[in-house]
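Have a look at the structure below before the remarks.
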Amino acid sequence: MFFALMGILIGAIIGFLLPFTYNTTYSLYISVAILACLDSVFGGIKANLEKNFDINIFISGFFGNAILAAFLAYIGDRLGVPLYYAAIFTFGGRLFENFAAIRRLLLFKKRTKKDELDLN
Amino acid sequence: MKNLKEQMALALVSIFLGLILSIQFKTINKTVGEGVLPTQRAQQLAVELKKIQGERDLQLKRLEELETKIKQYEKGEADKNVYAENLYKDTLKYRMLAGYVDLEGPGITLEINDPPIDLQFGEQYSPIVDELDIILQIVSILNAAEAEAISINDQRYTSYTEIVRAGDHIEINGVSTNSPIVIKAIGDPSTLESALAFKGGIVWQLENYDYIIHINQEKKIVIPKYRKIKEFIYSKPMEDGAN
Amino acid sequence: MKSKNPKIILMLFSILIGVIMSTQMKLKVESYAPVTLRSIQVAKNEINMVNDEVTNMKEMIKVKEDELKMLENIAKGDDSIIDILSQELKSNKIKSGHTALEGPGIIIKMYDNAENQVIGMNINYDVIHDVDILNILNDLTVAGAEAISINGQRVLSISEIKCGGPIIKVNGKSLGTPFIIKAIGDPKLLNASINAPGTYGDTLKNVYQIGIESTLEDKILIPEYSGRFNFKYAKPLGEGD
């Protein structure tokens with residue numbers, strides 16, 4: 001949890017310092033892709049806590065979801081249908097689900113530790 | 001064998017999907033313009049709108065300059081003799097009534113705001129657009145209370161003013177406007193207000209529909225002049241009627 | 001691969017997200033909303049409307065420039081101000097409705113539902129209201145009516161049209177049914193504005209069974225305004241006090 005937040009912060013600083021930007025036309029698609037990436041990272045954190053983290057699943061999800069989300073937004077734009085809502089609702093919803101799972105895992109960990117201490 | 005059949009069905013459906021997609025692409029391309037992404041186009045349009053609005057402001061300024069110059073000339077000349085002065089005063093009076101003069105005086109402002117969002121069932125535009133006759137009624141009521149000049153969202157209400165729906169906007173004097181609607185009227189402030197605000201009156205009705213209404217009496221209201229040339233194509237003055 | 005610490009990998013990818021996010025923020029795009037066809041159409045309409053406004057203003061500027069030129073001539077002594085002022089007076093009298101007008105147009109006769117039985121749930125639906133007349137008049141104005149009268153009362157911007165029991169008050173005078181509305185303008189356009197399917201007039205006629213008869217005329221007389229006309233409160237801007 002903590003290291004991921006740190007990572008995002010470091011990345012943000014690097015991004016602001018870099019002189020590189022892309023065409024504004026694509027910003028809508030990228031914003032959806034960011035959401036998908038965030039979801040992947042949260043999923044990764046959860047898997048890490050559950051101790052079944054698989055690097056291949058993580059990387060394929062990270063890029064695959066991002067590309068699919070951006071593609072959906074693009075196709076939707078071309079078709080005149082806001083298809084990108086599909087990506088927002090799915091990934092947004094999953095983001096919160098993952099976060100809830102992470103919270104439970106972390107809290108549960110603490111509680112078990114406390115119980116152990118109490119027993120001693 | 002069964003596998004092949006399934007694949008055939010899949011292929012058939014995919015062809016159909018592709019067909020629909022390409023038709024949709026073509027349709028969108030036609031409305032948006034060839035080779036431009038809709039998002040890009042929207043941004044272009046926004047820039048264009050800003051530019052043309054700038055031009056409008058420029059023209060307005062020029063028009064105002066001309067008008068003050070004309071006024072100076074007319075007044076300067078009219079002061080030279082009594083007959084001309086009277087004529088000028090008369091002209092001014094009719095101009096005021098026709099709506100070609102900016103007016104100021106005591107009166108009221110009436111602001112109609114949309115109902116709070118959660119009461120509008122997912123509508124994308126302001127509900128007042130569907131109820132334009134309410135605006136007509138308010139104007140009529142104000143006139144019954146002897147309003148001397150009325151404007152709606154800074155468009156002077158004249159004898160030739162139309163209030164018409166254009167998509168999700170309202171068009172008044174050919175100018176597009178939208179909620180909130182601000183109606184200003186010059187006249188006796190307390191009469192005007194009581195005509196609108198009595199129980200069961202128009203304001204009461206609007207509040208029943210959850211519109212948020214503000215009425216203010218004011219010492220000084222400015223009502224702008226009519227900004228369109230009205231040319232009579234069909235009507236002619238009757239010979240004996242003139243002068 | 002498996003040996004790598006998942007935490008390090010997560011960190012690396014988080015950094016990637018951070019970079020993209022901050023780049024996105026740097027762009028300062030005004031709206032991220034997806035564009036629908038409708039919103040593009042709306043924007044196009046708006047541009048057209050402002051364009052119209054600008055053309056209208058340009059015309060007005062031209063007229064004013066001519067006027068100014070004329071006035072400058074007067075200042076030089078070529079013309080008399082009196083001629084010009086009386087001309088202005090005449091044209092403003094026409095525009096303000098203080099001149100009787102004649103021209104081609106339409107005569108509309110409106111009367112309450114003549115049938116004895118009540119059609120709607122409510123007898124109110126069978127009777128003509130001020131709102132009905134206001135809507136009809138607005139439709140006529142949209143169709144470019146140049147002058148309108150109801151039962152001989154010229155309707156101007158300061159005319160009220162109010163229900164008062166069985167009668168309707170216009171310009172302070174009480175009028176009863178049938179209402180005869182006269183309008184000067186393009187007769188065909190005017191006729192369409194109240195009779196075309198989907199218009200207010202059409203609904204009144206066919207849904208509420210209110211009688212509306214219209215006849216196109218080559219020559220209609222519309223009298224001058226005879227109601228109140230004095231500015232007690234309003235003054236020209238900048239000339240008050």
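Residue numbering restarts at 1 in every chain; chains get A, B, ... in the order shown in the structure tokens, and ligands count up from 1 in that same order.
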
For this session: Fewer than 4 positions away in the same chain doesn't count, so skip those; otherwise give me all residues within 10 Å of Lys75 (chain B), counting only C-alpha atoms, as JSON, numbers by chain.
Result: {"B": [70, 71, 79, 80, 84, 85, 88, 89]}

Would you save the residues of that selection, restricted to all heavy atoms, as a short mmCIF file (atom, residue, chain, number, x, y, z; two decimals), in the first residue's frame?
```
data_model
loop_
_atom_site.label_atom_id
_atom_site.label_comp_id
_atom_site.auth_asym_id
_atom_site.auth_seq_id
_atom_site.Cartn_x
_atom_site.Cartn_y
_atom_site.Cartn_z
N ILE B 70 -24.12 59.73 -33.29
CA ILE B 70 -25.37 60.16 -33.91
C ILE B 70 -26.20 60.97 -32.93
O ILE B 70 -26.76 62.02 -33.26
CB ILE B 70 -26.17 58.93 -34.40
CG1 ILE B 70 -25.49 58.36 -35.64
CG2 ILE B 70 -27.61 59.30 -34.70
CD1 ILE B 70 -26.09 57.06 -36.10
N LYS B 71 -26.23 60.48 -31.69
CA LYS B 71 -27.01 61.16 -30.68
C LYS B 71 -26.50 62.58 -30.47
O LYS B 71 -27.28 63.54 -30.39
CB LYS B 71 -26.93 60.38 -29.38
CG LYS B 71 -28.12 60.59 -28.48
CD LYS B 71 -28.17 59.50 -27.44
CE LYS B 71 -28.32 60.08 -26.08
NZ LYS B 71 -28.05 59.10 -25.03
N ASP B 79 -31.07 71.45 -30.81
CA ASP B 79 -31.08 72.56 -29.86
C ASP B 79 -31.15 73.91 -30.56
O ASP B 79 -31.43 74.92 -29.93
CB ASP B 79 -29.83 72.50 -28.98
CG ASP B 79 -30.01 71.45 -27.89
OD1 ASP B 79 -31.17 71.06 -27.68
OD2 ASP B 79 -29.02 71.05 -27.27
N LYS B 80 -30.89 73.92 -31.86
CA LYS B 80 -30.81 75.21 -32.53
C LYS B 80 -32.16 75.89 -32.71
O LYS B 80 -32.23 77.09 -32.80
CB LYS B 80 -30.12 75.04 -33.90
CG LYS B 80 -28.63 74.88 -33.75
CD LYS B 80 -27.97 74.77 -35.09
CE LYS B 80 -26.50 74.39 -34.92
NZ LYS B 80 -25.94 73.89 -36.17
N ALA B 84 -37.50 72.03 -34.05
CA ALA B 84 -36.66 70.84 -34.18
C ALA B 84 -36.51 70.15 -32.84
O ALA B 84 -36.49 68.92 -32.76
CB ALA B 84 -35.29 71.23 -34.72
N GLU B 85 -36.45 70.94 -31.77
CA GLU B 85 -36.29 70.34 -30.46
C GLU B 85 -37.51 69.51 -30.10
O GLU B 85 -37.39 68.39 -29.60
CB GLU B 85 -36.07 71.45 -29.43
CG GLU B 85 -35.38 70.95 -28.19
CD GLU B 85 -35.23 72.04 -27.15
OE1 GLU B 85 -35.20 73.23 -27.52
OE2 GLU B 85 -35.19 71.68 -25.96
N TYR B 88 -37.54 66.40 -31.99
CA TYR B 88 -36.56 65.45 -31.47
C TYR B 88 -37.14 64.73 -30.25
O TYR B 88 -37.00 63.51 -30.11
CB TYR B 88 -35.28 66.19 -31.10
CG TYR B 88 -34.25 65.28 -30.48
CD1 TYR B 88 -33.61 64.32 -31.25
CD2 TYR B 88 -33.93 65.36 -29.13
CE1 TYR B 88 -32.68 63.46 -30.70
CE2 TYR B 88 -33.02 64.51 -28.56
CZ TYR B 88 -32.39 63.56 -29.35
OH TYR B 88 -31.49 62.71 -28.79
N LYS B 89 -37.80 65.49 -29.40
CA LYS B 89 -38.38 64.88 -28.20
C LYS B 89 -39.44 63.86 -28.56
O LYS B 89 -39.52 62.78 -27.96
CB LYS B 89 -38.98 65.97 -27.30
CG LYS B 89 -37.95 66.57 -26.37
CD LYS B 89 -38.60 67.51 -25.38
CE LYS B 89 -37.54 68.18 -24.53
NZ LYS B 89 -38.00 69.51 -24.08
#
```

Within 12 Å of chain B, which residues of chain A show up when using only C-alpha atoms, listed as a short mmCIF file (atom, residue, chain, number, x, y, z; two decimals) with C-alpha atoms, in the first residue's frame?
```cif
data_model
loop_
_atom_site.label_atom_id
_atom_site.label_comp_id
_atom_site.auth_asym_id
_atom_site.auth_seq_id
_atom_site.Cartn_x
_atom_site.Cartn_y
_atom_site.Cartn_z
CA ASN A 23 -1.36 15.58 -28.02
CA THR A 24 -4.39 16.82 -26.11
CA THR A 25 -6.64 14.82 -28.42
CA TYR A 26 -5.59 11.62 -26.71
CA SER A 27 -5.94 12.85 -23.16
CA LEU A 28 -9.41 11.36 -22.79
CA TYR A 29 -8.18 7.92 -23.75
CA ALA A 73 -12.80 5.06 -25.24
CA TYR A 74 -11.42 5.64 -28.72
CA ILE A 75 -13.96 3.40 -30.45
CA GLY A 76 -16.73 4.98 -28.43
CA ASP A 77 -15.58 8.41 -29.49
CA ARG A 78 -15.56 7.38 -33.11
CA LEU A 79 -18.97 5.78 -32.83
CA GLY A 80 -20.49 8.71 -31.01
CA VAL A 81 -21.33 6.55 -27.98
CA PRO A 82 -19.66 7.21 -24.64
#
```

For this session: Find the residues around Ile233 (chain B) up to 9 Å (only C-alpha atoms counted), leave out those fewer than 4 positions away in its own chain, and share them as an MDAnalysis selection string.
Result: chainID C and resid 146 185:186

So that I have them on file, write out the residues from the current selection with N, CA and C atoms, as an mmCIF file, in the first residue's frame.
```
data_model
loop_
_atom_site.group_PDB
_atom_site.id
_atom_site.type_symbol
_atom_site.label_atom_id
_atom_site.label_comp_id
_atom_site.auth_asym_id
_atom_site.auth_seq_id
_atom_site.Cartn_x
_atom_site.Cartn_y
_atom_site.Cartn_z
ATOM 1 N N GLU C 146 -45.716 41.429 -38.830
ATOM 2 C CA GLU C 146 -45.239 42.798 -38.677
ATOM 3 C C GLU C 146 -46.171 43.626 -37.810
ATOM 4 N N GLY C 185 -48.178 40.120 -42.619
ATOM 5 C CA GLY C 185 -46.907 39.432 -42.850
ATOM 6 C C GLY C 185 -47.069 38.531 -44.048
ATOM 7 N N ASP C 186 -46.157 37.591 -44.210
ATOM 8 C CA ASP C 186 -46.278 36.633 -45.302
ATOM 9 C C ASP C 186 -47.433 35.680 -44.983
#
```

Give me, as JSON lines, each residue of chain B that comes within 6 Å of chain C, together with its shortest interatomic pair and the distance in Å at one decimal, counting only C-alpha atoms, with rows ordered by chain and rising residue number.
```
{"residue": "B:Thr39", "atom": "CA", "partner": "C:Val35", "partner_atom": "CA", "distance": 5.6}
{"residue": "B:Ala42", "atom": "CA", "partner": "C:Ile40", "partner_atom": "CA", "distance": 6.0}
{"residue": "B:Leu49", "atom": "CA", "partner": "C:Ile47", "partner_atom": "CA", "distance": 5.6}
{"residue": "B:Arg56", "atom": "CA", "partner": "C:Val54", "partner_atom": "CA", "distance": 5.5}
{"residue": "B:Leu63", "atom": "CA", "partner": "C:Ile61", "partner_atom": "CA", "distance": 5.6}
{"residue": "B:Ile70", "atom": "CA", "partner": "C:Leu68", "partner_atom": "CA", "distance": 5.6}
{"residue": "B:Ala84", "atom": "CA", "partner": "C:Ile82", "partner_atom": "CA", "distance": 5.7}
{"residue": "B:Thr91", "atom": "CA", "partner": "C:Leu89", "partner_atom": "CA", "distance": 4.6}
{"residue": "B:Tyr94", "atom": "CA", "partner": "C:Asn92", "partner_atom": "CA", "distance": 5.7}
{"residue": "B:Arg95", "atom": "CA", "partner": "C:Asn92", "partner_atom": "CA", "distance": 5.7}
{"residue": "B:Leu97", "atom": "CA", "partner": "C:Ser96", "partner_atom": "CA", "distance": 5.7}
{"residue": "B:Ala98", "atom": "CA", "partner": "C:Ser96", "partner_atom": "CA", "distance": 4.1}
{"residue": "B:Asp102", "atom": "CA", "partner": "C:Leu237", "partner_atom": "CA", "distance": 5.3}
{"residue": "B:Leu103", "atom": "CA", "partner": "C:Pro236", "partner_atom": "CA", "distance": 4.4}
{"residue": "B:Glu104", "atom": "CA", "partner": "C:Leu237", "partner_atom": "CA", "distance": 5.2}
{"residue": "B:Gly105", "atom": "CA", "partner": "C:Ala234", "partner_atom": "CA", "distance": 4.6}
{"residue": "B:Ser140", "atom": "CA", "partner": "C:Glu160", "partner_atom": "CA", "distance": 4.5}
{"residue": "B:Asn143", "atom": "CA", "partner": "C:Glu160", "partner_atom": "CA", "distance": 4.9}
{"residue": "B:Ala144", "atom": "CA", "partner": "C:Glu160", "partner_atom": "CA", "distance": 4.9}
{"residue": "B:Thr158", "atom": "CA", "partner": "C:Ser157", "partner_atom": "CA", "distance": 4.7}
{"residue": "B:Ser159", "atom": "CA", "partner": "C:Ser157", "partner_atom": "CA", "distance": 4.2}
{"residue": "B:Glu162", "atom": "CA", "partner": "C:Val142", "partner_atom": "CA", "distance": 5.3}
{"residue": "B:Gly187", "atom": "CA", "partner": "C:Tyr233", "partner_atom": "CA", "distance": 5.5}
{"residue": "B:Tyr234", "atom": "CA", "partner": "C:Gly103", "partner_atom": "CA", "distance": 5.4}
{"residue": "B:Ser235", "atom": "CA", "partner": "C:Gly103", "partner_atom": "CA", "distance": 4.4}
{"residue": "B:Lys236", "atom": "CA", "partner": "C:Glu102", "partner_atom": "CA", "distance": 5.4}
{"residue": "B:Pro237", "atom": "CA", "partner": "C:Leu101", "partner_atom": "CA", "distance": 4.5}
{"residue": "B:Met238", "atom": "CA", "partner": "C:Leu101", "partner_atom": "CA", "distance": 5.4}
{"residue": "B:Gly241", "atom": "CA", "partner": "C:Ala100", "partner_atom": "CA", "distance": 5.8}
```

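Closest approach to chain C among A:Asn52, A:Asn65, A:Asn98, A:Thr90: A:Asn52, based on only C-alpha atoms.
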
Per-residue nearest contacts chain A to chain C, cut-off 9 Å, using only C-alpha atoms, as a tab-separated table:
```
residue	atom	partner	partner_atom	distance
A:Phe3	CA	C:Met11	CA	6.0
A:Ala4	CA	C:Met11	CA	5.2
A:Leu5	CA	C:Ser14	CA	7.3
A:Met6	CA	C:Met11	CA	7.7
A:Gly7	CA	C:Ile15	CA	4.5
A:Ile8	CA	C:Gly18	CA	4.2
A:Leu9	CA	C:Gly18	CA	6.2
A:Ile10	CA	C:Ile15	CA	6.1
A:Gly11	CA	C:Gly18	CA	4.0
A:Ala12	CA	C:Gly18	CA	4.2
A:Ile13	CA	C:Val19	CA	7.4
A:Ile14	CA	C:Val19	CA	6.2
A:Gly15	CA	C:Val19	CA	4.2
A:Phe16	CA	C:Ser22	CA	5.7
A:Leu18	CA	C:Thr23	CA	8.4
A:Phe20	CA	C:Thr23	CA	7.5
A:Thr21	CA	C:Thr23	CA	6.0
A:Tyr22	CA	C:Thr23	CA	8.0
A:Asn23	CA	C:Leu27	CA	8.5
A:Thr24	CA	C:Val29	CA	6.7
A:Ser27	CA	C:Gln24	CA	6.6
A:Leu28	CA	C:Tyr32	CA	5.7
A:Ile30	CA	C:Gln24	CA	7.8
A:Ser31	CA	C:Gln24	CA	7.5
A:Ile34	CA	C:Ile17	CA	6.6
A:Cys37	CA	C:Ile17	CA	6.8
A:Leu38	CA	C:Ile17	CA	7.2
A:Val41	CA	C:Leu10	CA	6.5
A:Gly44	CA	C:Leu10	CA	6.8
A:Ile45	CA	C:Leu10	CA	7.3
A:Asn48	CA	C:Pro6	CA	6.7
A:Phe53	CA	C:Pro6	CA	6.9
A:Asp54	CA	C:Lys2	CA	7.7
A:Ile55	CA	C:Lys2	CA	7.1
A:Phe58	CA	C:Leu10	CA	8.9
A:Ile59	CA	C:Phe13	CA	8.9
A:Phe62	CA	C:Phe13	CA	8.5
A:Ala73	CA	C:Pro34	CA	8.3
A:Gly76	CA	C:Pro34	CA	8.6
A:Asp77	CA	C:Val35	CA	6.6
A:Leu79	CA	C:Thr36	CA	8.9
A:Gly80	CA	C:Thr36	CA	5.1
A:Val81	CA	C:Thr36	CA	6.4
A:Pro82	CA	C:Pro34	CA	6.0
A:Leu83	CA	C:Pro34	CA	8.9
A:Tyr84	CA	C:Pro34	CA	7.9
```

Skip Phe89 (chain A) itself and residues of its chain fewer than 5 positions away, then list as a PDB file with all heavy atoms, in the first residue's frame all residues within 12 Å of it, counting only C-alpha atoms.
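After the write, selection06.pdb holds the following:
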```pdb
ATOM      1  N   VAL A  32      -8.601   7.266 -19.171  1.00  0.00           N
ATOM      2  CA  VAL A  32      -9.253   5.991 -18.887  1.00  0.00           C
ATOM      3  C   VAL A  32      -8.204   4.913 -18.652  1.00  0.00           C
ATOM      4  O   VAL A  32      -8.329   4.072 -17.754  1.00  0.00           O
ATOM      5  CB  VAL A  32     -10.177   5.581 -20.046  1.00  0.00           C
ATOM      6  CG1 VAL A  32     -10.963   4.348 -19.671  1.00  0.00           C
ATOM      7  CG2 VAL A  32     -11.117   6.696 -20.390  1.00  0.00           C
ATOM      8  N   LEU A  35      -6.878   4.903 -15.192  1.00  0.00           N
ATOM      9  CA  LEU A  35      -7.785   4.246 -14.253  1.00  0.00           C
ATOM     10  C   LEU A  35      -7.567   2.736 -14.264  1.00  0.00           C
ATOM     11  O   LEU A  35      -7.485   2.091 -13.211  1.00  0.00           O
ATOM     12  CB  LEU A  35      -9.227   4.575 -14.636  1.00  0.00           C
ATOM     13  CG  LEU A  35     -10.291   4.177 -13.631  1.00  0.00           C
ATOM     14  CD1 LEU A  35     -10.125   4.959 -12.356  1.00  0.00           C
ATOM     15  CD2 LEU A  35     -11.670   4.391 -14.214  1.00  0.00           C
ATOM     16  N   ALA A  36      -7.439   2.198 -15.479  1.00  0.00           N
ATOM     17  CA  ALA A  36      -7.221   0.759 -15.597  1.00  0.00           C
ATOM     18  C   ALA A  36      -5.910   0.360 -14.925  1.00  0.00           C
ATOM     19  O   ALA A  36      -5.834  -0.648 -14.209  1.00  0.00           O
ATOM     20  CB  ALA A  36      -7.204   0.360 -17.063  1.00  0.00           C
ATOM     21  N   ASP A  39      -6.190   0.318 -11.207  1.00  0.00           N
ATOM     22  CA  ASP A  39      -6.894  -0.886 -10.775  1.00  0.00           C
ATOM     23  C   ASP A  39      -5.934  -2.070 -10.704  1.00  0.00           C
ATOM     24  O   ASP A  39      -5.917  -2.824  -9.744  1.00  0.00           O
ATOM     25  CB  ASP A  39      -8.035  -1.187 -11.740  1.00  0.00           C
ATOM     26  CG  ASP A  39      -8.611  -2.557 -11.499  1.00  0.00           C
ATOM     27  OD1 ASP A  39      -9.076  -2.785 -10.367  1.00  0.00           O
ATOM     28  OD2 ASP A  39      -8.576  -3.390 -12.421  1.00  0.00           O
ATOM     29  N   ALA A  69      -8.991  -0.394 -22.269  1.00  0.00           N
ATOM     30  CA  ALA A  69      -9.781   0.761 -21.820  1.00  0.00           C
ATOM     31  C   ALA A  69      -9.623   1.923 -22.785  1.00  0.00           C
ATOM     32  O   ALA A  69     -10.606   2.554 -23.195  1.00  0.00           O
ATOM     33  CB  ALA A  69      -9.351   1.169 -20.413  1.00  0.00           C
ATOM     34  N   LEU A  83     -18.699   4.981 -24.828  1.00  0.00           N
ATOM     35  CA  LEU A  83     -18.373   3.622 -24.388  1.00  0.00           C
ATOM     36  C   LEU A  83     -17.423   3.618 -23.208  1.00  0.00           C
ATOM     37  O   LEU A  83     -17.308   2.646 -22.500  1.00  0.00           O
ATOM     38  CB  LEU A  83     -17.703   2.858 -25.542  1.00  0.00           C
ATOM     39  CG  LEU A  83     -18.614   2.127 -26.509  1.00  0.00           C
ATOM     40  CD1 LEU A  83     -17.779   1.343 -27.488  1.00  0.00           C
ATOM     41  CD2 LEU A  83     -19.504   1.178 -25.738  1.00  0.00           C
ATOM     42  N   TYR A  84     -16.722   4.731 -23.016  1.00  0.00           N
ATOM     43  CA  TYR A  84     -15.690   4.724 -21.988  1.00  0.00           C
ATOM     44  C   TYR A  84     -16.288   4.648 -20.582  1.00  0.00           C
ATOM     45  O   TYR A  84     -15.614   4.334 -19.638  1.00  0.00           O
ATOM     46  CB  TYR A  84     -14.760   5.907 -22.170  1.00  0.00           C
ATOM     47  CG  TYR A  84     -15.045   7.151 -21.391  1.00  0.00           C
ATOM     48  CD1 TYR A  84     -14.005   7.843 -20.786  1.00  0.00           C
ATOM     49  CD2 TYR A  84     -16.341   7.646 -21.268  1.00  0.00           C
ATOM     50  CE1 TYR A  84     -14.247   8.997 -20.075  1.00  0.00           C
ATOM     51  CE2 TYR A  84     -16.572   8.791 -20.562  1.00  0.00           C
ATOM     52  CZ  TYR A  84     -15.523   9.470 -19.960  1.00  0.00           C
ATOM     53  OH  TYR A  84     -15.759  10.606 -19.258  1.00  0.00           O
ATOM     54  N   ARG A  94     -14.037  -1.993  -9.448  1.00  0.00           N
ATOM     55  CA  ARG A  94     -13.052  -2.971  -8.986  1.00  0.00           C
ATOM     56  C   ARG A  94     -12.008  -2.346  -8.095  1.00  0.00           C
ATOM     57  O   ARG A  94     -11.495  -2.972  -7.173  1.00  0.00           O
ATOM     58  CB  ARG A  94     -12.395  -3.638 -10.186  1.00  0.00           C
ATOM     59  CG  ARG A  94     -13.097  -4.920 -10.521  1.00  0.00           C
ATOM     60  CD  ARG A  94     -12.500  -5.680 -11.623  1.00  0.00           C
ATOM     61  NE  ARG A  94     -11.047  -5.616 -11.695  1.00  0.00           N
ATOM     62  CZ  ARG A  94     -10.376  -6.086 -12.731  1.00  0.00           C
ATOM     63  NH1 ARG A  94     -11.024  -6.624 -13.739  1.00  0.00           N
ATOM     64  NH2 ARG A  94      -9.072  -5.999 -12.765  1.00  0.00           N
ATOM     65  N   LEU A  95     -11.705  -1.067  -8.404  1.00  0.00           N
ATOM     66  CA  LEU A  95     -10.740  -0.336  -7.578  1.00  0.00           C
ATOM     67  C   LEU A  95     -11.205  -0.351  -6.126  1.00  0.00           C
ATOM     68  O   LEU A  95     -10.443  -0.659  -5.206  1.00  0.00           O
ATOM     69  CB  LEU A  95     -10.664   1.095  -8.092  1.00  0.00           C
ATOM     70  CG  LEU A  95      -9.397   1.870  -7.797  1.00  0.00           C
ATOM     71  CD1 LEU A  95      -8.233   1.250  -8.538  1.00  0.00           C
ATOM     72  CD2 LEU A  95      -9.575   3.308  -8.227  1.00  0.00           C
ATOM     73  N   PHE A  96     -12.479  -0.023  -5.938  1.00  0.00           N
ATOM     74  CA  PHE A  96     -12.990   0.033  -4.562  1.00  0.00           C
ATOM     75  C   PHE A  96     -13.057  -1.364  -3.940  1.00  0.00           C
ATOM     76  O   PHE A  96     -12.779  -1.533  -2.756  1.00  0.00           O
ATOM     77  CB  PHE A  96     -14.362   0.705  -4.547  1.00  0.00           C
ATOM     78  CG  PHE A  96     -14.255   2.188  -4.638  1.00  0.00           C
ATOM     79  CD1 PHE A  96     -14.569   2.851  -5.811  1.00  0.00           C
ATOM     80  CD2 PHE A  96     -13.810   2.933  -3.567  1.00  0.00           C
ATOM     81  CE1 PHE A  96     -14.445   4.213  -5.905  1.00  0.00           C
ATOM     82  CE2 PHE A  96     -13.682   4.300  -3.649  1.00  0.00           C
ATOM     83  CZ  PHE A  96     -13.995   4.941  -4.827  1.00  0.00           C
ATOM     84  N   GLU A  97     -13.416  -2.336  -4.759  1.00  0.00           N
ATOM     85  CA  GLU A  97     -13.450  -3.707  -4.242  1.00  0.00           C
ATOM     86  C   GLU A  97     -12.069  -4.128  -3.754  1.00  0.00           C
ATOM     87  O   GLU A  97     -11.909  -4.653  -2.646  1.00  0.00           O
ATOM     88  CB  GLU A  97     -13.886  -4.665  -5.355  1.00  0.00           C
ATOM     89  CG  GLU A  97     -15.336  -5.056  -5.308  1.00  0.00           C
ATOM     90  CD  GLU A  97     -15.707  -5.793  -6.570  1.00  0.00           C
ATOM     91  OE1 GLU A  97     -14.947  -6.679  -7.000  1.00  0.00           O
ATOM     92  OE2 GLU A  97     -16.763  -5.453  -7.139  1.00  0.00           O
TER      93      GLU A  97
END
```

Exercise. Per DSSP on the backbone, what are the helix (DSSP H, G or I) residues of region 33-198 of chain B, as a ChimeraX atom specification?
Worked result: /B:38-78,82-98,117-119,127-130,132-144,189-197

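Among the candidates B:Ser126, B:Ala46, B:Leu110, B:Lys5, the one nearest to Asn153 (chain B) when counting only C-alpha atoms is B:Leu110.
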
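All residues of protein, DNA or RNA that reach within 12 Å of Gly198 (chain C), judged by only C-alpha atoms and not counting those fewer than 6 positions away in the chain, are Asp139, Ala192, Leu204, Lys205, Asn206 and Val207 of chain C.
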
Using only C-alpha atoms, please write the residues we just selected to a file, as a PDB file, in the first residue's frame.
```pdb
ATOM      1  CA  ASP C 139     -46.016  31.803 -33.014  1.00  0.00           C
ATOM      2  CA  ALA C 192     -48.368  27.587 -41.371  1.00  0.00           C
ATOM      3  CA  LEU C 204     -55.760  23.607 -29.573  1.00  0.00           C
ATOM      4  CA  LYS C 205     -57.901  22.842 -32.551  1.00  0.00           C
ATOM      5  CA  ASN C 206     -57.605  19.093 -32.692  1.00  0.00           C
ATOM      6  CA  VAL C 207     -57.038  18.088 -29.084  1.00  0.00           C
TER       7      VAL C 207
END
```

Problem set entry | Backbone-only DSSP, strand (DSSP E) members of region 175-227 of chain C, as an MDAnalysis selection string | chainID C and resid 175 179:184 211:222
